[in-house]
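What follows is one structure encoded as structure tokens, with my remarks underneath.
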Amino acid sequence: MLYSTFYLDDKLMGLPIPSILEIGRSFKIHPVRGAPRVIDGLINLRGKVVTIINSGLAFDVNKVESTEESRIYILKNNSELKEVEDSDFFLQTSPDNIGIHVPRIADVINVEKEGLNPVPANINHPFYKYVTRHNGKFITILEPFNMINLNEQKTNKNETK
């Protein structure tokens, strides 16, 4: 399967290409008062309202700012994913499209199913699905479905502090 990779600080992350509707950079993000901190805001994508998650805040690193290098992955919703379903991989996101704001994108890589390794047990993060090695670097493959509950997980985490 093909994965689109991006950098978060100096770490490489990947998203399955079939889960991506588009990658853009020139969206006008409208902040939403009272939204969880990890939400940058909303965009209008050809008449659809799309929530934008800030990947930096989601992973407790620096907030992703809009720059020439930053991009927004727009993920397909569940009905759009059914149209590209692959029998080897089960993909699920959300009933609605969501966006993930990332600092900069990298390469598209092809990883065979055998090249996907489970995330080590001592690395407990709900957004990690697999780990793979490509050109001598580790790449963490993300689970798009878990990212839709991002604001609830972050809110609950902040409430327990």
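Ligands are numbered from 1 in the order shown, residues from 1 within each chain, and chains are lettered A, B, ... in the order they appear in the structure tokens.
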Apply DSSP to the structure's backbone, then extract all residues of chain A labelled helix (DSSP H, G or I) and return them as a count of residues only. 29
List as a VMD selection string the protein and nucleic acid residues near Leu2 in chain A, meaning an atom at most 12 Å away when only C-alpha atoms are counted, but skip any in the same chain fewer than 3 places from it. chain A and resid 5 14 to 20 86 89 107 to 113 115 to 116 141
Report the residues of range 6-160 of chain A whose backbone DSSP state falls under strand (DSSP E), written as a PyMOL selection string. chain A and resi 6-8+11-16+20-24+39-45+48-54+71-75+98-102+104-110+117-118+128-134+137-142
Quick one: everything within 9 Å of Asn62 in chain A, counting only C-alpha atoms, minus sequence neighbours fewer than 4 positions away in the same chain. Send it as a list in words.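 Answer for this query is Leu8, Asp9, Ser55, Gly56 and Leu57 of chain A.
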If you keep N, CA, C and O atoms, can you produce a file of those selected residues as a PDB file, in the first residue's frame?
```pdb
ATOM      1  N   LEU A   8       6.942  15.503  11.589  1.00  0.00           N
ATOM      2  CA  LEU A   8       6.454  16.159  12.789  1.00  0.00           C
ATOM      3  C   LEU A   8       7.690  16.303  13.658  1.00  0.00           C
ATOM      4  O   LEU A   8       8.210  15.311  14.159  1.00  0.00           O
ATOM      5  N   ASP A   9       8.185  17.538  13.772  1.00  0.00           N
ATOM      6  CA  ASP A   9       9.541  17.785  14.260  1.00  0.00           C
ATOM      7  C   ASP A   9      10.480  17.003  13.347  1.00  0.00           C
ATOM      8  O   ASP A   9      10.390  17.139  12.140  1.00  0.00           O
ATOM      9  N   SER A  55      -1.648  18.754  14.125  1.00  0.00           N
ATOM     10  CA  SER A  55      -0.878  17.553  14.475  1.00  0.00           C
ATOM     11  C   SER A  55       0.167  17.833  15.550  1.00  0.00           C
ATOM     12  O   SER A  55       0.455  16.969  16.372  1.00  0.00           O
ATOM     13  N   GLY A  56       0.735  19.018  15.576  1.00  0.00           N
ATOM     14  CA  GLY A  56       1.719  19.339  16.603  1.00  0.00           C
ATOM     15  C   GLY A  56       1.123  19.270  17.993  1.00  0.00           C
ATOM     16  O   GLY A  56       1.693  18.661  18.904  1.00  0.00           O
ATOM     17  N   LEU A  57      -0.041  19.856  18.163  1.00  0.00           N
ATOM     18  CA  LEU A  57      -0.699  19.828  19.468  1.00  0.00           C
ATOM     19  C   LEU A  57      -1.230  18.441  19.797  1.00  0.00           C
ATOM     20  O   LEU A  57      -1.244  18.032  20.946  1.00  0.00           O
TER      21      LEU A  57
END
```
The distance between CA of Val38 in chain A and CA of Gly99 in chain A is 11.8 Å
Need to verify the contact set: Ser26 in chain A, 12 Å, only C-alpha atoms, exclusion of same-chain residues closer than 3 positions in sequence. Can you return it as a PDB file with all heavy atoms, in the first residue's frame?
```
ATOM      1  N   ILE A  23      -4.544  16.887  -0.475  1.00  0.00           N
ATOM      2  CA  ILE A  23      -3.567  17.587   0.353  1.00  0.00           C
ATOM      3  C   ILE A  23      -3.528  19.019  -0.150  1.00  0.00           C
ATOM      4  O   ILE A  23      -3.326  19.256  -1.341  1.00  0.00           O
ATOM      5  CB  ILE A  23      -2.162  16.954   0.251  1.00  0.00           C
ATOM      6  CG1 ILE A  23      -2.213  15.478   0.642  1.00  0.00           C
ATOM      7  CG2 ILE A  23      -1.169  17.718   1.127  1.00  0.00           C
ATOM      8  CD1 ILE A  23      -0.921  14.722   0.361  1.00  0.00           C
ATOM      9  N   ILE A  29      -8.547  29.023   7.408  1.00  0.00           N
ATOM     10  CA  ILE A  29      -9.019  28.334   8.609  1.00  0.00           C
ATOM     11  C   ILE A  29      -9.767  29.331   9.491  1.00  0.00           C
ATOM     12  O   ILE A  29      -9.254  30.397   9.817  1.00  0.00           O
ATOM     13  CB  ILE A  29      -7.839  27.698   9.380  1.00  0.00           C
ATOM     14  CG1 ILE A  29      -7.130  26.675   8.492  1.00  0.00           C
ATOM     15  CG2 ILE A  29      -8.331  27.053  10.666  1.00  0.00           C
ATOM     16  CD1 ILE A  29      -5.866  26.094   9.097  1.00  0.00           C
ATOM     17  N   ILE A  43     -12.706  24.660   7.931  1.00  0.00           N
ATOM     18  CA  ILE A  43     -12.555  25.183   6.575  1.00  0.00           C
ATOM     19  C   ILE A  43     -13.793  24.818   5.785  1.00  0.00           C
ATOM     20  O   ILE A  43     -14.542  23.915   6.152  1.00  0.00           O
ATOM     21  CB  ILE A  43     -11.291  24.649   5.856  1.00  0.00           C
ATOM     22  CG1 ILE A  43     -11.377  23.132   5.631  1.00  0.00           C
ATOM     23  CG2 ILE A  43     -10.023  25.033   6.598  1.00  0.00           C
ATOM     24  CD1 ILE A  43     -10.351  22.586   4.657  1.00  0.00           C
ATOM     25  N   ASN A  44     -13.992  25.541   4.689  1.00  0.00           N
ATOM     26  CA  ASN A  44     -15.053  25.242   3.750  1.00  0.00           C
ATOM     27  C   ASN A  44     -14.384  24.570   2.553  1.00  0.00           C
ATOM     28  O   ASN A  44     -13.615  25.189   1.839  1.00  0.00           O
ATOM     29  CB  ASN A  44     -15.757  26.524   3.329  1.00  0.00           C
ATOM     30  CG  ASN A  44     -16.864  26.269   2.330  1.00  0.00           C
ATOM     31  OD1 ASN A  44     -16.996  25.181   1.770  1.00  0.00           O
ATOM     32  ND2 ASN A  44     -17.670  27.287   2.099  1.00  0.00           N
ATOM     33  N   LEU A  45     -14.673  23.300   2.368  1.00  0.00           N
ATOM     34  CA  LEU A  45     -14.106  22.536   1.251  1.00  0.00           C
ATOM     35  C   LEU A  45     -15.226  22.253   0.257  1.00  0.00           C
ATOM     36  O   LEU A  45     -15.982  21.290   0.415  1.00  0.00           O
ATOM     37  CB  LEU A  45     -13.485  21.224   1.757  1.00  0.00           C
ATOM     38  CG  LEU A  45     -12.848  20.343   0.697  1.00  0.00           C
ATOM     39  CD1 LEU A  45     -11.574  20.997   0.162  1.00  0.00           C
ATOM     40  CD2 LEU A  45     -12.527  18.971   1.270  1.00  0.00           C
ATOM     41  N   SER A  66       0.804  27.939   9.959  1.00  0.00           N
ATOM     42  CA  SER A  66       0.669  27.975   8.505  1.00  0.00           C
ATOM     43  C   SER A  66       1.896  28.638   7.903  1.00  0.00           C
ATOM     44  O   SER A  66       2.194  29.795   8.200  1.00  0.00           O
ATOM     45  CB  SER A  66      -0.589  28.746   8.102  1.00  0.00           C
ATOM     46  OG  SER A  66      -1.731  28.042   8.516  1.00  0.00           O
ATOM     47  N   THR A  67       2.637  27.868   7.095  1.00  0.00           N
ATOM     48  CA  THR A  67       3.837  28.364   6.422  1.00  0.00           C
ATOM     49  C   THR A  67       3.797  27.893   4.967  1.00  0.00           C
ATOM     50  O   THR A  67       2.875  27.188   4.551  1.00  0.00           O
ATOM     51  CB  THR A  67       5.123  27.816   7.081  1.00  0.00           C
ATOM     52  OG1 THR A  67       5.171  26.390   6.870  1.00  0.00           O
ATOM     53  CG2 THR A  67       5.183  28.127   8.566  1.00  0.00           C
ATOM     54  N   GLU A  68       4.834  28.233   4.209  1.00  0.00           N
ATOM     55  CA  GLU A  68       4.944  27.753   2.827  1.00  0.00           C
ATOM     56  C   GLU A  68       5.060  26.231   2.771  1.00  0.00           C
ATOM     57  O   GLU A  68       4.634  25.612   1.813  1.00  0.00           O
ATOM     58  CB  GLU A  68       6.166  28.381   2.143  1.00  0.00           C
ATOM     59  CG  GLU A  68       5.948  29.814   1.720  1.00  0.00           C
ATOM     60  CD  GLU A  68       4.889  29.951   0.634  1.00  0.00           C
ATOM     61  OE1 GLU A  68       4.909  29.162  -0.332  1.00  0.00           O
ATOM     62  OE2 GLU A  68       4.033  30.841   0.757  1.00  0.00           O
ATOM     63  N   GLU A  69       5.653  25.616   3.804  1.00  0.00           N
ATOM     64  CA  GLU A  69       5.849  24.168   3.813  1.00  0.00           C
ATOM     65  C   GLU A  69       4.688  23.395   4.427  1.00  0.00           C
ATOM     66  O   GLU A  69       4.533  22.213   4.169  1.00  0.00           O
ATOM     67  CB  GLU A  69       7.132  23.807   4.579  1.00  0.00           C
ATOM     68  CG  GLU A  69       8.401  24.175   3.873  1.00  0.00           C
ATOM     69  CD  GLU A  69       9.612  23.635   4.610  1.00  0.00           C
ATOM     70  OE1 GLU A  69       9.683  23.763   5.851  1.00  0.00           O
ATOM     71  OE2 GLU A  69      10.480  23.078   3.926  1.00  0.00           O
ATOM     72  N   SER A  70       3.886  24.030   5.270  1.00  0.00           N
ATOM     73  CA  SER A  70       2.819  23.293   5.953  1.00  0.00           C
ATOM     74  C   SER A  70       1.728  22.898   4.961  1.00  0.00           C
ATOM     75  O   SER A  70       1.510  23.558   3.944  1.00  0.00           O
ATOM     76  CB  SER A  70       2.237  24.113   7.105  1.00  0.00           C
ATOM     77  OG  SER A  70       1.519  25.223   6.625  1.00  0.00           O
ATOM     78  N   ARG A  71       1.066  21.801   5.286  1.00  0.00           N
ATOM     79  CA  ARG A  71      -0.004  21.282   4.439  1.00  0.00           C
ATOM     80  C   ARG A  71      -1.135  20.767   5.321  1.00  0.00           C
ATOM     81  O   ARG A  71      -0.950  20.500   6.503  1.00  0.00           O
ATOM     82  CB  ARG A  71       0.475  20.119   3.560  1.00  0.00           C
ATOM     83  CG  ARG A  71       1.582  20.479   2.575  1.00  0.00           C
ATOM     84  CD  ARG A  71       1.059  21.376   1.461  1.00  0.00           C
ATOM     85  NE  ARG A  71       2.063  21.639   0.450  1.00  0.00           N
ATOM     86  CZ  ARG A  71       2.932  22.640   0.470  1.00  0.00           C
ATOM     87  NH1 ARG A  71       2.941  23.477   1.485  1.00  0.00           N
ATOM     88  NH2 ARG A  71       3.782  22.819  -0.516  1.00  0.00           N
ATOM     89  N   ILE A  72      -2.296  20.583   4.704  1.00  0.00           N
ATOM     90  CA  ILE A  72      -3.435  19.998   5.394  1.00  0.00           C
ATOM     91  C   ILE A  72      -3.875  18.775   4.611  1.00  0.00           C
ATOM     92  O   ILE A  72      -4.202  18.872   3.422  1.00  0.00           O
ATOM     93  CB  ILE A  72      -4.590  21.003   5.544  1.00  0.00           C
ATOM     94  CG1 ILE A  72      -4.157  22.170   6.432  1.00  0.00           C
ATOM     95  CG2 ILE A  72      -5.820  20.308   6.125  1.00  0.00           C
ATOM     96  CD1 ILE A  72      -5.189  23.266   6.584  1.00  0.00           C
ATOM     97  N   TYR A  73      -3.817  17.626   5.289  1.00  0.00           N
ATOM     98  CA  TYR A  73      -4.359  16.398   4.715  1.00  0.00           C
ATOM     99  C   TYR A  73      -5.858  16.413   4.979  1.00  0.00           C
ATOM    100  O   TYR A  73      -6.278  16.518   6.130  1.00  0.00           O
ATOM    101  CB  TYR A  73      -3.795  15.161   5.415  1.00  0.00           C
ATOM    102  CG  TYR A  73      -2.387  14.782   5.050  1.00  0.00           C
ATOM    103  CD1 TYR A  73      -1.313  15.185   5.836  1.00  0.00           C
ATOM    104  CD2 TYR A  73      -2.139  13.979   3.945  1.00  0.00           C
ATOM    105  CE1 TYR A  73      -0.012  14.809   5.518  1.00  0.00           C
ATOM    106  CE2 TYR A  73      -0.840  13.593   3.624  1.00  0.00           C
ATOM    107  CZ  TYR A  73       0.215  14.016   4.409  1.00  0.00           C
ATOM    108  OH  TYR A  73       1.493  13.636   4.098  1.00  0.00           O
ATOM    109  N   HIS A 101      -3.461  19.178  10.009  1.00  0.00           N
ATOM    110  CA  HIS A 101      -2.475  20.209   9.676  1.00  0.00           C
ATOM    111  C   HIS A 101      -1.089  19.704  10.064  1.00  0.00           C
ATOM    112  O   HIS A 101      -0.858  19.380  11.224  1.00  0.00           O
ATOM    113  CB  HIS A 101      -2.825  21.479  10.443  1.00  0.00           C
ATOM    114  CG  HIS A 101      -2.137  22.699   9.963  1.00  0.00           C
ATOM    115  ND1 HIS A 101      -2.297  23.901  10.587  1.00  0.00           N
ATOM    116  CD2 HIS A 101      -1.292  22.934   8.934  1.00  0.00           C
ATOM    117  CE1 HIS A 101      -1.574  24.816   9.969  1.00  0.00           C
ATOM    118  NE2 HIS A 101      -0.958  24.245   8.966  1.00  0.00           N
TER     119      HIS A 101
END
```
Enter the distance from CA of Pro103 in chain A to CA of Lys82 in chain A, in Å, rounded to one decimal.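 Between CA of Pro103 in chain A and CA of Lys82 in chain A the gap works out to 28.9 Å.
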So which one's closest to Gly41 in chain A, A:Ile98, A:Leu21, A:Leu81, A:Val61? Using only C-alpha atoms, please.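 Of A:Ile98, A:Leu21, A:Leu81, A:Val61, the one nearest Gly41 in chain A is A:Ile98, counting only C-alpha atoms.
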Which of these, A:Ile39, A:Val102, A:Ile52, A:Val119, has the shortest distance to Ile139 in chain A once you count only C-alpha atoms?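 Closest candidate: A:Val119.
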